[in-house]
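Here is the file target_30.cif (mmCIF, C-alpha atoms and all ligand atoms).
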data_entry
#
loop_
_atom_site.label_atom_id
_atom_site.label_comp_id
_atom_site.auth_asym_id
_atom_site.auth_seq_id
_atom_site.Cartn_x
_atom_site.Cartn_y
_atom_site.Cartn_z
CA MET A 110 0.00 0.00 0.00
CA GLN A 111 1.25 3.47 -0.84
CA LEU A 112 0.43 6.69 0.98
CA ILE A 113 0.21 9.61 -1.46
CA GLN A 114 -0.03 13.15 -0.12
CA ASN A 115 0.67 15.06 -3.28
CA ALA A 116 -2.10 15.63 -5.84
CA LYS A 117 0.17 15.72 -8.92
CA ARG A 118 1.90 12.50 -7.87
CA MET A 119 -1.48 10.81 -7.38
CA GLN A 120 -2.53 11.81 -10.88
CA LYS A 121 0.75 10.61 -12.40
CA LEU A 122 0.52 7.21 -10.72
CA VAL A 123 -3.04 6.52 -11.77
CA LEU A 124 -2.41 7.68 -15.34
CA ARG A 125 0.40 5.13 -15.50
CA GLY A 126 -1.98 2.48 -14.13
CA LYS A 127 -4.65 3.40 -16.68
CA ARG A 128 -2.14 2.98 -19.49
CA ASP A 129 -1.57 -0.56 -18.19
CA GLY A 130 -5.32 -1.20 -18.27
CA LYS A 131 -6.00 -0.95 -14.51
CA ARG A 132 -9.60 -0.34 -13.48
CA ILE A 133 -9.52 2.17 -10.63
CA VAL A 134 -12.04 2.25 -7.79
CA LEU A 135 -12.23 5.26 -5.49
CA VAL A 136 -13.63 5.32 -1.95
CA PRO A 137 -13.83 8.98 -0.85
CA THR A 138 -13.74 9.48 2.94
CA MET A 139 -12.95 12.11 5.53
CA GLY A 140 -10.95 9.56 7.55
CA ALA A 141 -11.62 8.44 11.13
CA LEU A 142 -12.39 5.14 9.44
CA HIS A 143 -14.85 2.69 10.96
CA GLU A 144 -16.45 -0.59 9.85
CA GLY A 145 -18.91 1.35 7.65
CA HIS A 146 -16.01 2.72 5.61
CA LEU A 147 -14.41 -0.73 5.54
CA SER A 148 -17.58 -2.20 4.03
CA LEU A 149 -17.19 0.32 1.18
CA ILE A 150 -13.54 -0.67 0.76
CA ARG A 151 -14.43 -4.39 0.65
CA ARG A 152 -17.04 -3.67 -2.01
CA ALA A 153 -14.48 -1.58 -3.93
CA LYS A 154 -12.00 -4.47 -3.93
CA LYS A 155 -14.49 -6.51 -5.96
CA LEU A 156 -15.10 -3.77 -8.52
CA GLY A 157 -11.68 -3.15 -10.04
CA ASP A 158 -7.91 -3.60 -9.98
CA TRP A 159 -6.66 -0.69 -7.86
CA VAL A 160 -8.52 0.66 -4.84
CA VAL A 161 -7.78 4.26 -3.87
CA VAL A 162 -9.11 5.44 -0.50
CA SER A 163 -9.04 9.19 -0.15
CA VAL A 164 -8.76 10.65 3.35
CA TYR A 165 -9.43 14.36 3.34
CA VAL A 166 -11.42 16.49 5.76
CA ASN A 167 -12.82 18.87 3.18
CA PRO A 168 -12.99 22.39 4.64
CA ALA A 169 -15.31 23.54 1.83
CA GLN A 170 -18.23 21.47 3.05
CA PHE A 171 -18.25 22.80 6.61
CA GLY A 172 -20.16 25.92 7.52
CA LYS A 173 -18.49 28.64 9.61
CA ARG A 174 -20.11 27.46 12.81
CA GLU A 175 -19.67 23.75 12.12
CA ASP A 176 -17.20 21.21 13.49
CA PHE A 177 -14.31 21.36 10.94
CA SER A 178 -11.60 21.97 13.54
CA LYS A 179 -13.07 19.36 15.89
CA TYR A 180 -13.57 16.70 13.20
CA PRO A 181 -11.56 13.57 14.20
CA ARG A 182 -8.24 13.07 12.40
CA THR A 183 -6.73 9.62 12.92
CA LEU A 184 -4.47 9.11 9.89
CA ALA A 185 -2.08 6.57 11.49
CA LYS A 186 -4.98 4.32 12.46
CA ASP A 187 -6.68 4.83 9.08
CA LEU A 188 -3.50 3.75 7.31
CA ALA A 189 -3.24 0.60 9.44
CA LEU A 190 -6.86 -0.31 8.61
CA CYS A 191 -6.34 0.33 4.90
CA ARG A 192 -3.17 -1.77 4.93
CA ARG A 193 -5.11 -4.60 6.58
CA GLU A 194 -7.79 -4.33 3.86
CA LYS A 195 -5.09 -4.45 1.16
CA VAL A 196 -5.95 -1.04 -0.24
CA ASP A 197 -3.56 -0.07 -3.05
CA PHE A 198 -3.32 3.70 -2.42
CA VAL A 199 -4.36 6.00 0.37
CA PHE A 200 -4.61 9.52 -1.01
CA ALA A 201 -4.38 11.89 1.95
CA PRO A 202 -3.52 15.36 0.63
CA LYS A 203 -2.82 18.10 3.15
CA ASN A 204 -4.75 20.63 1.10
CA LEU A 205 -6.68 20.46 -2.16
CA TYR A 206 -7.47 24.15 -2.68
CA GLU A 207 -5.35 27.00 -3.97
CA ALA A 208 -5.58 30.10 -1.78
CA ASP A 209 -7.63 31.80 -4.50
CA HIS A 210 -9.75 28.79 -5.48
CA SER A 211 -12.85 30.17 -7.19
CA THR A 212 -14.59 27.36 -9.11
CA TRP A 213 -17.51 25.51 -7.55
CA ILE A 214 -19.98 22.83 -8.54
CA GLU A 215 -23.49 23.67 -7.43
CA GLU A 216 -26.28 21.17 -7.90
CA LYS A 217 -29.51 23.12 -7.72
CA LYS A 218 -32.27 20.56 -7.30
CA VAL A 219 -31.71 17.47 -5.14
CA SER A 220 -29.29 19.37 -2.87
CA GLN A 221 -31.86 21.94 -1.78
CA ASP A 222 -33.97 20.12 0.83
CA ARG A 223 -33.00 18.04 3.92
CA CYS A 224 -29.31 18.50 4.83
CA GLY A 225 -28.96 21.17 2.15
CA ARG A 226 -31.44 23.35 3.99
CA SER A 227 -29.74 23.14 7.39
CA ARG A 228 -26.17 23.01 6.04
CA PRO A 229 -26.14 25.37 3.03
CA ASP A 230 -22.41 24.91 2.24
CA LEU A 231 -22.44 21.12 2.45
CA PHE A 232 -23.25 19.94 -1.05
CA ARG A 233 -21.43 22.67 -2.95
CA GLY A 234 -18.31 21.70 -1.01
CA ALA A 235 -18.91 17.97 -1.32
CA ALA A 236 -19.68 18.02 -5.07
CA THR A 237 -16.63 20.17 -5.76
CA VAL A 238 -14.21 18.02 -3.79
CA VAL A 239 -15.65 14.80 -5.22
CA ALA A 240 -15.21 16.17 -8.75
CA LYS A 241 -11.61 17.04 -7.90
CA LEU A 242 -11.05 13.54 -6.47
CA PHE A 243 -12.55 11.96 -9.61
CA HIS A 244 -10.03 13.88 -11.73
CA LEU A 245 -7.10 13.28 -9.41
CA THR A 246 -7.65 9.52 -9.19
CA GLN A 247 -9.07 8.97 -12.71
CA ALA A 248 -11.46 6.51 -11.09
CA ASP A 249 -13.68 4.26 -13.23
CA VAL A 250 -15.92 3.49 -10.25
CA ALA A 251 -16.58 5.31 -6.94
CA VAL A 252 -18.28 3.79 -3.90
CA PHE A 253 -20.47 5.86 -1.57
CA GLY A 254 -22.60 4.98 1.47
CA GLN A 255 -26.39 4.94 1.57
CA LYS A 256 -26.18 6.53 5.03
CA ASP A 257 -25.52 9.83 3.26
CA ALA A 258 -28.45 9.29 0.89
CA GLN A 259 -28.73 12.88 -0.26
CA GLN A 260 -24.99 13.04 -0.97
CA CYS A 261 -25.42 9.99 -3.25
CA GLU A 262 -28.28 11.73 -5.07
CA VAL A 263 -26.22 14.91 -5.57
CA ILE A 264 -23.18 13.01 -6.84
CA GLU A 265 -25.28 10.85 -9.18
CA ARG A 266 -26.90 14.00 -10.57
CA MET A 267 -23.51 15.71 -11.02
CA VAL A 268 -22.15 12.66 -12.84
CA ARG A 269 -25.16 12.62 -15.14
CA ASP A 270 -25.35 16.37 -15.77
CA LEU A 271 -21.62 16.91 -16.30
CA ASN A 272 -20.97 13.68 -18.24
CA PHE A 273 -18.39 12.20 -15.89
CA LEU A 274 -17.20 8.81 -17.17
CA ILE A 275 -17.59 7.08 -13.84
CA LYS A 276 -19.90 4.51 -12.30
CA ILE A 277 -21.37 5.29 -8.87
CA VAL A 278 -21.97 2.34 -6.55
CA VAL A 279 -24.00 2.80 -3.36
CA GLN A 280 -23.31 0.49 -0.42
CA PRO A 281 -25.96 -0.14 2.31
CA THR A 282 -25.64 1.52 5.72
CA LEU A 283 -23.64 -0.48 8.24
CA ARG A 284 -25.04 -0.34 11.77
CA GLU A 285 -23.89 -1.07 15.28
CA LYS A 286 -25.58 -4.11 16.85
CA ASP A 287 -28.11 -1.79 18.51
CA GLY A 288 -29.10 -0.23 15.16
CA LEU A 289 -27.19 3.07 15.35
CA ALA A 290 -25.73 3.91 11.93
CA MET A 291 -21.93 3.92 12.19
CA SER A 292 -20.48 7.39 11.84
CA SER A 293 -17.20 9.15 12.58
CA ARG A 294 -19.20 11.63 14.64
CA ASN A 295 -20.60 8.96 17.02
CA ARG A 296 -17.43 9.33 19.09
CA PHE A 297 -18.63 12.81 20.11
CA LEU A 298 -21.61 11.30 21.97
CA THR A 299 -21.37 11.19 25.76
CA PRO A 300 -22.04 7.74 27.29
CA GLU A 301 -25.59 8.85 28.17
CA GLU A 302 -26.20 10.13 24.63
CA ARG A 303 -24.69 6.97 23.13
CA ALA A 304 -27.19 4.91 25.14
CA LEU A 305 -30.08 7.00 23.76
CA ALA A 306 -28.82 7.24 20.16
CA PRO A 307 -30.16 3.86 18.86
CA ASN A 308 -33.69 5.14 19.49
CA PHE A 309 -33.27 7.39 16.44
CA PHE A 310 -33.22 4.43 14.05
CA LYS A 311 -35.77 2.51 16.15
CA VAL A 312 -38.25 5.38 15.79
CA LEU A 313 -37.76 5.49 12.00
CA ARG A 314 -38.25 1.72 11.77
CA LEU A 315 -41.41 1.81 13.87
CA ALA A 316 -42.74 4.84 11.99
CA VAL A 317 -42.92 3.05 8.65
CA ARG A 318 -45.45 0.63 10.19
CA GLN A 319 -47.81 3.50 11.05
CA PRO A 320 -50.65 4.53 8.73
CA LYS A 321 -49.23 6.91 6.11
CA LEU A 322 -50.73 10.09 7.56
CA LYS A 323 -49.47 9.33 11.05
CA VAL A 324 -45.83 8.67 10.12
CA ILE A 325 -44.44 12.20 10.46
CA PRO A 326 -46.41 13.11 13.65
CA PHE A 327 -45.31 9.77 15.15
CA ILE A 328 -41.65 10.52 14.43
CA LYS A 329 -41.84 14.05 15.79
CA ARG A 330 -43.54 12.90 18.99
CA GLU A 331 -41.29 9.89 19.62
CA LEU A 332 -38.02 11.66 18.89
CA GLN A 333 -38.94 14.46 21.25
CA ARG A 334 -39.89 11.91 23.91
CA TRP A 335 -36.38 10.38 23.69
CA GLY A 336 -34.71 13.79 23.95
CA PHE A 337 -33.70 14.34 20.31
CA LYS A 338 -34.01 17.76 18.73
CA LEU A 339 -35.41 17.27 15.24
CA ASP A 340 -33.58 19.00 12.40
CA TYR A 341 -35.75 17.56 9.61
CA VAL A 342 -37.79 14.55 8.63
CA GLU A 343 -38.85 14.17 5.00
CA VAL A 344 -40.05 11.44 2.70
CA VAL A 345 -37.91 11.52 -0.44
CA LYS A 346 -37.71 8.92 -3.21
CA GLY A 347 -39.15 6.08 -1.17
CA LYS A 348 -37.06 6.86 1.88
CA LEU A 349 -37.78 8.35 5.24
CA CYS A 350 -34.85 10.73 5.72
CA ALA A 351 -34.15 12.44 9.03
CA ALA A 352 -31.54 14.40 10.95
CA VAL A 353 -31.52 15.04 14.68
CA TRP A 354 -29.39 16.70 17.28
CA LEU A 355 -28.44 14.76 20.38
CA GLY A 356 -26.72 17.32 22.57
CA LYS A 357 -24.01 18.84 20.36
CA THR A 358 -23.89 15.95 17.90
CA ARG A 359 -25.91 15.81 14.70
CA LEU A 360 -27.00 12.38 13.48
CA ILE A 361 -28.53 11.49 10.11
CA ASP A 362 -30.22 8.32 8.94
CA ASN A 363 -32.70 7.04 6.38
CA TYR A 364 -35.03 4.07 6.06
CA LYS A 365 -36.83 2.57 3.10
CA ILE A 366 -40.62 2.90 2.97
CA ARG A 367 -42.98 0.85 0.87
CA TRP A 368 -45.45 3.52 -0.21
P1 LIG B 1 -17.37 10.21 5.65
O1 LIG B 1 -15.97 9.84 6.00
O2 LIG B 1 -18.28 10.27 6.81
O3 LIG B 1 -17.44 11.39 4.73
O4 LIG B 1 -17.92 8.99 4.79
C1 LIG B 1 -17.22 8.49 3.68
C2 LIG B 1 -18.11 7.51 2.95
O5 LIG B 1 -18.46 6.45 3.83
C3 LIG B 1 -19.44 8.14 2.49
O6 LIG B 1 -19.78 7.64 1.21
C4 LIG B 1 -20.41 7.68 3.54
O7 LIG B 1 -21.74 7.60 3.08
C5 LIG B 1 -19.86 6.30 3.86
N1 LIG B 1 -20.31 5.85 5.18
C6 LIG B 1 -20.22 6.53 6.35
N2 LIG B 1 -20.81 5.83 7.34
C7 LIG B 1 -21.29 4.69 6.77
C8 LIG B 1 -22.01 3.56 7.27
N3 LIG B 1 -22.36 3.46 8.54
N4 LIG B 1 -22.34 2.58 6.40
C9 LIG B 1 -21.99 2.67 5.09
N5 LIG B 1 -21.30 3.70 4.56
C10 LIG B 1 -20.97 4.70 5.39
#
Entire entry expressed as structure tokens:
Amino acid sequence: MQLIQNAKRMQKLVLRGKRDGKRIVLVPTMGALHEGHLSLIRRAKKLGDWVVVSVYVNPAQFGKREDFSKYPRTLAKDLALCRREKVDFVFAPKNLYEADHSTWIEEKKVSQDRCGRSRPDLFRGAATVVAKLFHLTQADVAVFGQKDAQQCEVIERMVRDLNFLIKIVVQPTLREKDGLAMSSRNRFLTPEERALAPNFFKVLRLAVRQPKLKVIPFIKRELQRWGFKLDYVEVVKGKLCAAVWLGKTRLIDNYKIRW
């Protein structure tokens, strides 16, 4: 496994690989890797010849009052996990933006509701960095997690609208045994909050069994009862999508519905 921290070097290496016919699979991450990320990596291994895992906490997708400086950075541990998974390259650049960077990708439809409403910088930053990573790794395939359902929708739309020659693969959400979706931010939960957190997913799962008109009121009532502060709950494309605050930590999740 090779650690690459320089963007030009990354591009040179993959171009050489492409000339030799290698099919390149990218797994974009912000590091602090957990089993959820590893499930993406294992899927990626089956989809091509070289797996590139990018580890980059993208400043452009954090709002001014968000947790960019607090976001966990655990590169040594991430590298050990990637080595164990037989990843070919970890691309962990220190910075991907020129000081006067001024070009952005803005998706104007599927990015507008849900997380896009409460985090207005999120998808412009995410789409832009993902486009940069696609160019820098020359990936044929990229694997994303269903946990960030809206991010998948935005990236799929960008790929379609801007004619990227890349296949997007979406991997199901990996959960802790108690149902909590794995996330790098779960480590911010206090022990008391961690004990309450699985109720978020439990409420979503129970809600889909309610009569259609009662689903949203049920979720609002139950989440409040467990001490969550609701950011949003919306039904989009056959999924119940929600975000909540538990103390200072924001959790997102989604669950398939049948209507
Ligand atoms: P992040 O490092 O949080 O930006 O996530 C990097 C990628 O891993 C994204 O495509 C996420 O959707 C995906 N991911 C994060 N958590 C999970 C999970 N619990 N199950 C599956 N994929 C996940």
Please find the residues contacting ligand LIG 1 (chain B) at a distance of at most 6 Å between atoms, with all atoms listed in the file counted, and report them as JSON, numbers by chain. {"A": [137, 138, 139, 140, 145, 146, 253, 254, 255, 256, 257, 281, 282, 283, 284, 290, 291, 292, 293]}
Could you work out how far atom CA of Lys365 of chain A lies from atom CA of Phe232 of chain A, giving the answer in Å with one decimal?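 Atom CA of Lys365 of chain A lies 22.4 Å from atom CA of Phe232 of chain A.
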Residue list as a PyMOL selection string for point (-23.4, 26.4, 3.1), cut-off 12 Å, all atoms listed in the file: chain A and resi 168-175+215+220-221+224-235
Write out as a PyMOL selection string which residues come within 12 Å of Lys186 of chain A when counting only C-alpha atoms, dropping same-chain ones fewer than 5 positions away. chain A and resi 140-143+164+181+191-193
What does the distance from atom CA of Leu188 of chain A to atom CA of Met110 of chain A come to in Å, to one decimal? 8.9 Å
The residue from A:Phe310, A:Phe273, A:Trp368, A:Trp213 with the smallest atom-to-atom distance to Ala248 of chain A, counting only C-alpha atoms, is A:Phe273
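Residue nearest Arg330 of chain A within the list A:Leu205, A:Val239, A:Val312, A:Leu190: A:Val312 [criterion: smallest interatomic distance, only C-alpha atoms].
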Filtering to N, CA, C and O atoms, could segment 247-281 of chain A of the supplied structure be written out as a PDB file, in the first residue's frame?
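Ended up saving to decode33.pdb:
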ATOM      1  N   GLN A 247      -8.641   9.564 -11.424  1.00  0.00           N
ATOM      2  CA  GLN A 247      -9.067   8.970 -12.709  1.00  0.00           C
ATOM      3  C   GLN A 247      -9.879   7.691 -12.488  1.00  0.00           C
ATOM      4  O   GLN A 247      -9.729   6.703 -13.222  1.00  0.00           O
ATOM      5  N   ALA A 248     -10.737   7.729 -11.465  1.00  0.00           N
ATOM      6  CA  ALA A 248     -11.458   6.508 -11.091  1.00  0.00           C
ATOM      7  C   ALA A 248     -12.479   6.115 -12.161  1.00  0.00           C
ATOM      8  O   ALA A 248     -13.113   6.965 -12.777  1.00  0.00           O
ATOM      9  N   ASP A 249     -12.634   4.799 -12.343  1.00  0.00           N
ATOM     10  CA  ASP A 249     -13.676   4.261 -13.226  1.00  0.00           C
ATOM     11  C   ASP A 249     -14.957   4.035 -12.438  1.00  0.00           C
ATOM     12  O   ASP A 249     -16.049   4.021 -12.996  1.00  0.00           O
ATOM     13  N   VAL A 250     -14.796   3.781 -11.145  1.00  0.00           N
ATOM     14  CA  VAL A 250     -15.922   3.494 -10.255  1.00  0.00           C
ATOM     15  C   VAL A 250     -15.672   4.235  -8.947  1.00  0.00           C
ATOM     16  O   VAL A 250     -14.520   4.365  -8.514  1.00  0.00           O
ATOM     17  N   ALA A 251     -16.736   4.739  -8.292  1.00  0.00           N
ATOM     18  CA  ALA A 251     -16.581   5.308  -6.940  1.00  0.00           C
ATOM     19  C   ALA A 251     -17.682   4.735  -6.064  1.00  0.00           C
ATOM     20  O   ALA A 251     -18.817   4.559  -6.515  1.00  0.00           O
ATOM     21  N   VAL A 252     -17.328   4.422  -4.819  1.00  0.00           N
ATOM     22  CA  VAL A 252     -18.280   3.792  -3.901  1.00  0.00           C
ATOM     23  C   VAL A 252     -18.646   4.786  -2.804  1.00  0.00           C
ATOM     24  O   VAL A 252     -17.768   5.375  -2.160  1.00  0.00           O
ATOM     25  N   PHE A 253     -19.955   4.955  -2.608  1.00  0.00           N
ATOM     26  CA  PHE A 253     -20.475   5.864  -1.575  1.00  0.00           C
ATOM     27  C   PHE A 253     -21.428   5.084  -0.674  1.00  0.00           C
ATOM     28  O   PHE A 253     -21.923   4.018  -1.041  1.00  0.00           O
ATOM     29  N   GLY A 254     -21.735   5.645   0.502  1.00  0.00           N
ATOM     30  CA  GLY A 254     -22.600   4.976   1.474  1.00  0.00           C
ATOM     31  C   GLY A 254     -24.023   5.513   1.445  1.00  0.00           C
ATOM     32  O   GLY A 254     -24.237   6.730   1.385  1.00  0.00           O
ATOM     33  N   GLN A 255     -24.960   4.592   1.541  1.00  0.00           N
ATOM     34  CA  GLN A 255     -26.386   4.939   1.569  1.00  0.00           C
ATOM     35  C   GLN A 255     -26.735   5.795   2.787  1.00  0.00           C
ATOM     36  O   GLN A 255     -27.717   6.527   2.796  1.00  0.00           O
ATOM     37  N   LYS A 256     -25.910   5.718   3.851  1.00  0.00           N
ATOM     38  CA  LYS A 256     -26.185   6.526   5.034  1.00  0.00           C
ATOM     39  C   LYS A 256     -26.328   8.004   4.655  1.00  0.00           C
ATOM     40  O   LYS A 256     -27.160   8.711   5.193  1.00  0.00           O
ATOM     41  N   ASP A 257     -25.459   8.439   3.735  1.00  0.00           N
ATOM     42  CA  ASP A 257     -25.525   9.828   3.262  1.00  0.00           C
ATOM     43  C   ASP A 257     -26.319   9.839   1.957  1.00  0.00           C
ATOM     44  O   ASP A 257     -25.787  10.124   0.878  1.00  0.00           O
ATOM     45  N   ALA A 258     -27.616   9.521   2.068  1.00  0.00           N
ATOM     46  CA  ALA A 258     -28.451   9.286   0.889  1.00  0.00           C
ATOM     47  C   ALA A 258     -28.493  10.514  -0.022  1.00  0.00           C
ATOM     48  O   ALA A 258     -28.388  10.397  -1.249  1.00  0.00           O
ATOM     49  N   GLN A 259     -28.608  11.681   0.573  1.00  0.00           N
ATOM     50  CA  GLN A 259     -28.727  12.883  -0.258  1.00  0.00           C
ATOM     51  C   GLN A 259     -27.409  13.168  -0.987  1.00  0.00           C
ATOM     52  O   GLN A 259     -27.413  13.617  -2.130  1.00  0.00           O
ATOM     53  N   GLN A 260     -26.293  12.876  -0.315  1.00  0.00           N
ATOM     54  CA  GLN A 260     -24.995  13.042  -0.975  1.00  0.00           C
ATOM     55  C   GLN A 260     -24.929  12.146  -2.216  1.00  0.00           C
ATOM     56  O   GLN A 260     -24.457  12.562  -3.275  1.00  0.00           O
ATOM     57  N   CYS A 261     -25.418  10.900  -2.087  1.00  0.00           N
ATOM     58  CA  CYS A 261     -25.417   9.987  -3.246  1.00  0.00           C
ATOM     59  C   CYS A 261     -26.247  10.590  -4.379  1.00  0.00           C
ATOM     60  O   CYS A 261     -25.840  10.562  -5.543  1.00  0.00           O
ATOM     61  N   GLU A 262     -27.412  11.142  -4.027  1.00  0.00           N
ATOM     62  CA  GLU A 262     -28.279  11.728  -5.065  1.00  0.00           C
ATOM     63  C   GLU A 262     -27.573  12.901  -5.770  1.00  0.00           C
ATOM     64  O   GLU A 262     -27.648  13.039  -6.991  1.00  0.00           O
ATOM     65  N   VAL A 263     -26.905  13.734  -4.984  1.00  0.00           N
ATOM     66  CA  VAL A 263     -26.223  14.907  -5.565  1.00  0.00           C
ATOM     67  C   VAL A 263     -25.087  14.454  -6.485  1.00  0.00           C
ATOM     68  O   VAL A 263     -24.928  14.967  -7.605  1.00  0.00           O
ATOM     69  N   ILE A 264     -24.316  13.470  -6.029  1.00  0.00           N
ATOM     70  CA  ILE A 264     -23.180  13.005  -6.844  1.00  0.00           C
ATOM     71  C   ILE A 264     -23.685  12.316  -8.111  1.00  0.00           C
ATOM     72  O   ILE A 264     -23.149  12.534  -9.207  1.00  0.00           O
ATOM     73  N   GLU A 265     -24.722  11.516  -7.986  1.00  0.00           N
ATOM     74  CA  GLU A 265     -25.277  10.853  -9.179  1.00  0.00           C
ATOM     75  C   GLU A 265     -25.779  11.887 -10.183  1.00  0.00           C
ATOM     76  O   GLU A 265     -25.595  11.752 -11.390  1.00  0.00           O
ATOM     77  N   ARG A 266     -26.404  12.949  -9.685  1.00  0.00           N
ATOM     78  CA  ARG A 266     -26.901  14.004 -10.566  1.00  0.00           C
ATOM     79  C   ARG A 266     -25.736  14.740 -11.226  1.00  0.00           C
ATOM     80  O   ARG A 266     -25.763  15.043 -12.421  1.00  0.00           O
ATOM     81  N   MET A 267     -24.689  15.026 -10.461  1.00  0.00           N
ATOM     82  CA  MET A 267     -23.511  15.706 -11.018  1.00  0.00           C
ATOM     83  C   MET A 267     -22.886  14.861 -12.130  1.00  0.00           C
ATOM     84  O   MET A 267     -22.548  15.382 -13.203  1.00  0.00           O
ATOM     85  N   VAL A 268     -22.761  13.565 -11.861  1.00  0.00           N
ATOM     86  CA  VAL A 268     -22.151  12.656 -12.841  1.00  0.00           C
ATOM     87  C   VAL A 268     -22.971  12.641 -14.128  1.00  0.00           C
ATOM     88  O   VAL A 268     -22.433  12.692 -15.230  1.00  0.00           O
ATOM     89  N   ARG A 269     -24.290  12.621 -13.967  1.00  0.00           N
ATOM     90  CA  ARG A 269     -25.165  12.615 -15.144  1.00  0.00           C
ATOM     91  C   ARG A 269     -25.098  13.955 -15.885  1.00  0.00           C
ATOM     92  O   ARG A 269     -24.866  14.013 -17.091  1.00  0.00           O
ATOM     93  N   ASP A 270     -25.256  15.046 -15.130  1.00  0.00           N
ATOM     94  CA  ASP A 270     -25.349  16.365 -15.768  1.00  0.00           C
ATOM     95  C   ASP A 270     -24.036  16.813 -16.400  1.00  0.00           C
ATOM     96  O   ASP A 270     -24.038  17.536 -17.394  1.00  0.00           O
ATOM     97  N   LEU A 271     -22.913  16.439 -15.791  1.00  0.00           N
ATOM     98  CA  LEU A 271     -21.619  16.911 -16.299  1.00  0.00           C
ATOM     99  C   LEU A 271     -20.854  15.825 -17.048  1.00  0.00           C
ATOM    100  O   LEU A 271     -19.653  15.972 -17.303  1.00  0.00           O
ATOM    101  N   ASN A 272     -21.538  14.727 -17.372  1.00  0.00           N
ATOM    102  CA  ASN A 272     -20.965  13.682 -18.238  1.00  0.00           C
ATOM    103  C   ASN A 272     -19.657  13.083 -17.726  1.00  0.00           C
ATOM    104  O   ASN A 272     -18.731  12.827 -18.515  1.00  0.00           O
ATOM    105  N   PHE A 273     -19.570  12.883 -16.418  1.00  0.00           N
ATOM    106  CA  PHE A 273     -18.394  12.198 -15.887  1.00  0.00           C
ATOM    107  C   PHE A 273     -18.425  10.743 -16.341  1.00  0.00           C
ATOM    108  O   PHE A 273     -19.484  10.110 -16.316  1.00  0.00           O
ATOM    109  N   LEU A 274     -17.260  10.222 -16.746  1.00  0.00           N
ATOM    110  CA  LEU A 274     -17.199   8.806 -17.166  1.00  0.00           C
ATOM    111  C   LEU A 274     -16.874   7.956 -15.945  1.00  0.00           C
ATOM    112  O   LEU A 274     -15.763   7.456 -15.795  1.00  0.00           O
ATOM    113  N   ILE A 275     -17.840   7.829 -15.064  1.00  0.00           N
ATOM    114  CA  ILE A 275     -17.586   7.079 -13.836  1.00  0.00           C
ATOM    115  C   ILE A 275     -18.876   6.404 -13.405  1.00  0.00           C
ATOM    116  O   ILE A 275     -19.967   6.934 -13.627  1.00  0.00           O
ATOM    117  N   LYS A 276     -18.723   5.228 -12.782  1.00  0.00           N
ATOM    118  CA  LYS A 276     -19.902   4.507 -12.304  1.00  0.00           C
ATOM    119  C   LYS A 276     -19.988   4.728 -10.783  1.00  0.00           C
ATOM    120  O   LYS A 276     -18.977   4.571 -10.077  1.00  0.00           O
ATOM    121  N   ILE A 277     -21.181   5.079 -10.314  1.00  0.00           N
ATOM    122  CA  ILE A 277     -21.368   5.287  -8.873  1.00  0.00           C
ATOM    123  C   ILE A 277     -22.041   4.048  -8.283  1.00  0.00           C
ATOM    124  O   ILE A 277     -23.076   3.603  -8.770  1.00  0.00           O
ATOM    125  N   VAL A 278     -21.425   3.522  -7.237  1.00  0.00           N
ATOM    126  CA  VAL A 278     -21.971   2.345  -6.550  1.00  0.00           C
ATOM    127  C   VAL A 278     -22.340   2.772  -5.132  1.00  0.00           C
ATOM    128  O   VAL A 278     -21.554   3.443  -4.459  1.00  0.00           O
ATOM    129  N   VAL A 279     -23.544   2.399  -4.701  1.00  0.00           N
ATOM    130  CA  VAL A 279     -24.003   2.796  -3.362  1.00  0.00           C
ATOM    131  C   VAL A 279     -24.085   1.549  -2.471  1.00  0.00           C
ATOM    132  O   VAL A 279     -24.730   0.567  -2.825  1.00  0.00           O
ATOM    133  N   GLN A 280     -23.410   1.627  -1.357  1.00  0.00           N
ATOM    134  CA  GLN A 280     -23.313   0.495  -0.422  1.00  0.00           C
ATOM    135  C   GLN A 280     -24.276   0.731   0.757  1.00  0.00           C
ATOM    136  O   GLN A 280     -24.364   1.850   1.264  1.00  0.00           O
ATOM    137  N   PRO A 281     -25.014  -0.317   1.193  1.00  0.00           N
ATOM    138  CA  PRO A 281     -25.963  -0.144   2.306  1.00  0.00           C
ATOM    139  C   PRO A 281     -25.308   0.370   3.593  1.00  0.00           C
ATOM    140  O   PRO A 281     -24.100   0.193   3.798  1.00  0.00           O
TER     141      PRO A 281
END
